[in-house]
Amino acid sequence: MPVTLSLSNRVALITGGSRGIGAATVRLFAAAGAKVVFSYRNARAQAEALAKECGEEYCHAIRSELNTPDSARELVAEAAKHFGRIDILVANHGVWPAEDVAIEKMPDEQWRSTLSINLDAVFGLVKHTVAQMKSQPRNGSIAGHIVLISSTSGQRGEAYHCDYSATKGALISMVKGLAVELAPAGIYVNAVAPGWVDTDMSKPALDDPRSGEQIRRTIPLGRVGTPEEIAAPILFLCTPLAGFITGEIFNVNGGAVLVG
């Protein structure tokens, strides 16, 4: 088998694609030959600049709130309409409330908001993307790839962030069940679980002298990851080189879960 990471003739939907891990994934997928539709919430200028950078005939940005299954349905429909099909779904969007909140003080509104964005919308994305994948002609022997972005927090928990941990742990359980369910249909389902990554979302914690030092002490490699170091495994899981991998949680965390 030739060694290739090409996504030529593939159409990918990447959520939360305007910044951080999402933007790095959009760039890498476009460089690998995929046509990419990506969603953004507020960063319109950055999204438009990214689409222009990658080539607007190959890359298209769509604004979406992604906080309900129905909002996900609308995004999937628009993405499929733009390029005619969807071969890959990368569910990358999400929120991580940066402030530590003890469970007895966590507002119900925060709990509901985190679950609606991080979990309800992902359910909708998977539901409607799978329907799209099953309805379209196969592009070769594989009907599709789904990669959900989880977190080390979903595996070992995170004090004062039980809302976030609950959603990321749920994604891992979804991957395990869906991989078995969808394998006969030729749809691969995996997760990438990043540790601490240098993104806008984690910047407040990483830049704080006290928490930043504590975070780096928990990582055997001694540093946080880059968005590009998360995008690369996502790409790998969507290529023929990962042709016998489904239902797996790909840890990309500098060895952090080994000492958690």
# chains A, B, ... in the order shown; residues from 1 in each chain; ligands from 1
>>> select_by_dssp(residues="stretch 38-241 of chain A", states="helix (DSSP H, G or I)", output="PDB file with C-alpha atoms, in the first residue's frame")
ATOM      1  CA  ARG A  44     -16.289  35.784  11.458  1.00  0.00           C
ATOM      2  CA  ALA A  45     -13.212  37.711  10.334  1.00  0.00           C
ATOM      3  CA  GLN A  46     -10.906  34.835  11.231  1.00  0.00           C
ATOM      4  CA  ALA A  47     -13.196  32.314   9.520  1.00  0.00           C
ATOM      5  CA  GLU A  48     -13.380  34.317   6.314  1.00  0.00           C
ATOM      6  CA  ALA A  49      -9.611  34.822   6.309  1.00  0.00           C
ATOM      7  CA  LEU A  50      -9.038  31.092   6.789  1.00  0.00           C
ATOM      8  CA  ALA A  51     -11.384  30.170   3.946  1.00  0.00           C
ATOM      9  CA  LYS A  52      -9.593  32.645   1.685  1.00  0.00           C
ATOM     10  CA  GLU A  53      -6.196  31.319   2.759  1.00  0.00           C
ATOM     11  CA  CYS A  54      -7.158  27.725   1.912  1.00  0.00           C
ATOM     12  CA  PRO A  69     -29.463  18.865  17.668  1.00  0.00           C
ATOM     13  CA  ASP A  70     -31.560  20.989  15.320  1.00  0.00           C
ATOM     14  CA  SER A  71     -28.782  23.537  14.826  1.00  0.00           C
ATOM     15  CA  ALA A  72     -26.529  20.612  13.925  1.00  0.00           C
ATOM     16  CA  ARG A  73     -29.085  19.335  11.417  1.00  0.00           C
ATOM     17  CA  GLU A  74     -29.084  22.711   9.684  1.00  0.00           C
ATOM     18  CA  LEU A  75     -25.284  22.792   9.514  1.00  0.00           C
ATOM     19  CA  VAL A  76     -25.037  19.283   8.092  1.00  0.00           C
ATOM     20  CA  ALA A  77     -27.656  20.053   5.458  1.00  0.00           C
ATOM     21  CA  GLU A  78     -25.892  23.240   4.381  1.00  0.00           C
ATOM     22  CA  ALA A  79     -22.492  21.534   4.305  1.00  0.00           C
ATOM     23  CA  ALA A  80     -23.794  18.633   2.203  1.00  0.00           C
ATOM     24  CA  LYS A  81     -25.474  21.051  -0.180  1.00  0.00           C
ATOM     25  CA  HIS A  82     -22.319  23.109  -0.693  1.00  0.00           C
ATOM     26  CA  PHE A  83     -20.009  20.312  -1.876  1.00  0.00           C
ATOM     27  CA  ILE A 103     -20.138  21.471  42.274  1.00  0.00           C
ATOM     28  CA  GLU A 104     -22.365  22.942  45.008  1.00  0.00           C
ATOM     29  CA  LYS A 105     -21.960  26.386  43.447  1.00  0.00           C
ATOM     30  CA  ASP A 108     -27.762  25.139  36.531  1.00  0.00           C
ATOM     31  CA  GLU A 109     -27.435  27.439  33.535  1.00  0.00           C
ATOM     32  CA  GLN A 110     -23.709  26.633  33.175  1.00  0.00           C
ATOM     33  CA  TRP A 111     -24.379  22.893  33.349  1.00  0.00           C
ATOM     34  CA  ARG A 112     -27.112  23.094  30.713  1.00  0.00           C
ATOM     35  CA  SER A 113     -25.078  25.364  28.436  1.00  0.00           C
ATOM     36  CA  THR A 114     -21.982  23.148  28.502  1.00  0.00           C
ATOM     37  CA  LEU A 115     -24.014  20.004  27.807  1.00  0.00           C
ATOM     38  CA  SER A 116     -26.030  21.620  25.034  1.00  0.00           C
ATOM     39  CA  ILE A 117     -22.933  22.760  23.154  1.00  0.00           C
ATOM     40  CA  ASN A 118     -20.503  19.933  23.910  1.00  0.00           C
ATOM     41  CA  LEU A 119     -22.924  17.006  23.791  1.00  0.00           C
ATOM     42  CA  ASP A 120     -26.387  17.755  22.393  1.00  0.00           C
ATOM     43  CA  ALA A 121     -24.978  19.400  19.275  1.00  0.00           C
ATOM     44  CA  VAL A 122     -22.500  16.540  18.747  1.00  0.00           C
ATOM     45  CA  PHE A 123     -25.370  14.047  18.949  1.00  0.00           C
ATOM     46  CA  GLY A 124     -27.153  16.030  16.234  1.00  0.00           C
ATOM     47  CA  LEU A 125     -24.025  16.259  14.094  1.00  0.00           C
ATOM     48  CA  VAL A 126     -23.431  12.521  14.236  1.00  0.00           C
ATOM     49  CA  LYS A 127     -27.089  11.659  13.703  1.00  0.00           C
ATOM     50  CA  HIS A 128     -27.530  13.760  10.585  1.00  0.00           C
ATOM     51  CA  THR A 129     -24.055  13.162   9.162  1.00  0.00           C
ATOM     52  CA  VAL A 130     -24.513   9.396   9.414  1.00  0.00           C
ATOM     53  CA  ALA A 131     -27.834   9.721   7.567  1.00  0.00           C
ATOM     54  CA  GLN A 132     -26.062  11.728   4.877  1.00  0.00           C
ATOM     55  CA  MET A 133     -23.195   9.221   4.606  1.00  0.00           C
ATOM     56  CA  LYS A 134     -25.585   6.300   4.283  1.00  0.00           C
ATOM     57  CA  SER A 135     -27.639   8.048   1.591  1.00  0.00           C
ATOM     58  CA  SER A 153     -10.594  15.453  31.219  1.00  0.00           C
ATOM     59  CA  GLY A 154     -13.102  12.943  29.877  1.00  0.00           C
ATOM     60  CA  GLN A 155     -10.919  10.050  31.022  1.00  0.00           C
ATOM     61  CA  ARG A 156      -9.652  11.084  34.439  1.00  0.00           C
ATOM     62  CA  CYS A 162     -17.503  18.493  36.208  1.00  0.00           C
ATOM     63  CA  ASP A 163     -19.709  19.863  33.410  1.00  0.00           C
ATOM     64  CA  TYR A 164     -16.870  19.751  30.887  1.00  0.00           C
ATOM     65  CA  SER A 165     -15.573  16.360  32.054  1.00  0.00           C
ATOM     66  CA  ALA A 166     -19.057  14.861  31.848  1.00  0.00           C
ATOM     67  CA  THR A 167     -19.444  15.893  28.218  1.00  0.00           C
ATOM     68  CA  LYS A 168     -16.014  14.707  27.154  1.00  0.00           C
ATOM     69  CA  GLY A 169     -16.473  11.375  28.923  1.00  0.00           C
ATOM     70  CA  ALA A 170     -19.813  10.976  27.190  1.00  0.00           C
ATOM     71  CA  LEU A 171     -18.141  11.436  23.804  1.00  0.00           C
ATOM     72  CA  ILE A 172     -15.818   8.542  24.586  1.00  0.00           C
ATOM     73  CA  SER A 173     -18.790   6.318  25.373  1.00  0.00           C
ATOM     74  CA  MET A 174     -20.478   7.451  22.154  1.00  0.00           C
ATOM     75  CA  VAL A 175     -17.406   6.461  20.159  1.00  0.00           C
ATOM     76  CA  LYS A 176     -17.301   2.979  21.688  1.00  0.00           C
ATOM     77  CA  GLY A 177     -20.948   2.272  20.923  1.00  0.00           C
ATOM     78  CA  LEU A 178     -21.122   3.956  17.528  1.00  0.00           C
ATOM     79  CA  ALA A 179     -17.992   2.236  16.237  1.00  0.00           C
ATOM     80  CA  VAL A 180     -19.670  -1.145  16.674  1.00  0.00           C
ATOM     81  CA  GLU A 181     -23.019   0.079  15.385  1.00  0.00           C
ATOM     82  CA  LEU A 182     -21.639   1.735  12.256  1.00  0.00           C
ATOM     83  CA  ALA A 183     -18.826  -0.639  11.275  1.00  0.00           C
ATOM     84  CA  PRO A 184     -21.134  -2.778   9.076  1.00  0.00           C
ATOM     85  CA  ALA A 185     -22.059   0.408   7.204  1.00  0.00           C
ATOM     86  CA  LYS A 203      -4.843  30.669  27.403  1.00  0.00           C
ATOM     87  CA  PRO A 204      -6.178  32.107  30.709  1.00  0.00           C
ATOM     88  CA  ALA A 205      -5.119  29.021  32.645  1.00  0.00           C
ATOM     89  CA  LEU A 206      -1.800  28.608  30.845  1.00  0.00           C
ATOM     90  CA  ASP A 207      -0.832  32.269  31.192  1.00  0.00           C
ATOM     91  CA  PRO A 209       1.796  31.922  36.678  1.00  0.00           C
ATOM     92  CA  ARG A 210       0.432  29.581  39.336  1.00  0.00           C
ATOM     93  CA  SER A 211      -1.901  27.395  37.280  1.00  0.00           C
ATOM     94  CA  GLY A 212       0.409  27.440  34.267  1.00  0.00           C
ATOM     95  CA  GLU A 213       3.279  26.017  36.303  1.00  0.00           C
ATOM     96  CA  GLN A 214       1.038  23.374  37.860  1.00  0.00           C
ATOM     97  CA  ILE A 215      -0.259  22.332  34.451  1.00  0.00           C
ATOM     98  CA  ARG A 216       3.205  21.917  32.950  1.00  0.00           C
ATOM     99  CA  ARG A 217       4.341  19.822  35.924  1.00  0.00           C
ATOM    100  CA  PRO A 227      -2.916  22.846  17.605  1.00  0.00           C
ATOM    101  CA  GLU A 228      -0.962  21.307  14.726  1.00  0.00           C
ATOM    102  CA  GLU A 229       0.073  18.392  16.952  1.00  0.00           C
ATOM    103  CA  ILE A 230      -3.598  17.594  17.503  1.00  0.00           C
ATOM    104  CA  ALA A 231      -4.624  18.114  13.877  1.00  0.00           C
ATOM    105  CA  ALA A 232      -2.100  15.534  12.613  1.00  0.00           C
ATOM    106  CA  PRO A 233      -3.622  12.526  14.438  1.00  0.00           C
ATOM    107  CA  ILE A 234      -7.085  13.659  13.348  1.00  0.00           C
ATOM    108  CA  LEU A 235      -5.900  13.576   9.743  1.00  0.00           C
ATOM    109  CA  PHE A 236      -4.268  10.171  10.206  1.00  0.00           C
ATOM    110  CA  LEU A 237      -7.494   8.615  11.480  1.00  0.00           C
ATOM    111  CA  PRO A 240      -6.261   4.538   4.584  1.00  0.00           C
ATOM    112  CA  LEU A 241      -3.289   4.204   6.953  1.00  0.00           C
TER     113      LEU A 241
END
>>> select_by_dssp(residues="stretch 27-95 of chain A", states="strand (DSSP E or B)", output="JSON, numbers by chain")
{"A": [35, 36, 37, 38, 39, 40, 59, 60, 61, 62, 63, 88, 89, 90, 91]}
>>> residues_around(residues="A:Arg63", least_positions_apart="5", cutoff="7 Å", atoms="only C-alpha atoms", output="short mmCIF file (atom, residue, chain, number, x, y, z; two decimals) with N, CA and C atoms, in the first residue's frame")
data_model
loop_
_atom_site.label_atom_id
_atom_site.label_comp_id
_atom_site.auth_asym_id
_atom_site.auth_seq_id
_atom_site.Cartn_x
_atom_site.Cartn_y
_atom_site.Cartn_z
N SER A 39 -17.40 25.22 10.52
CA SER A 39 -18.31 26.12 11.21
C SER A 39 -17.53 27.03 12.15
N TYR A 40 -18.14 28.17 12.43
CA TYR A 40 -17.62 29.09 13.42
C TYR A 40 -18.81 29.71 14.14
N ARG A 41 -18.54 30.29 15.30
CA ARG A 41 -19.62 30.90 16.08
C ARG A 41 -19.57 32.42 16.05
#
>>> closest_residue(among="A:Gly195, A:Gly222, A:Gly157, A:Gly186", to="A:His145", atoms="only C-alpha atoms")
A:Gly186
>>> closest_residue(among="A:Trp96, A:Pro194, A:Ser8, A:Ala23", to="A:Ala256", atoms="only C-alpha atoms")
A:Pro194
>>> closest_residue(among="A:Asn67, A:Asn92, A:Trp196, A:Ser18", to="A:Thr152", atoms="only C-alpha atoms")
A:Trp196
>>> closest_residue(among="A:Met106, A:Ile219, A:Ala191, A:Ile146", to="A:Cys238", atoms="only C-alpha atoms")
A:Ile146
>>> atom_distance(atom1="atom CA of A:Phe244", atom2="atom CA of A:Gln136")
22.5 Å
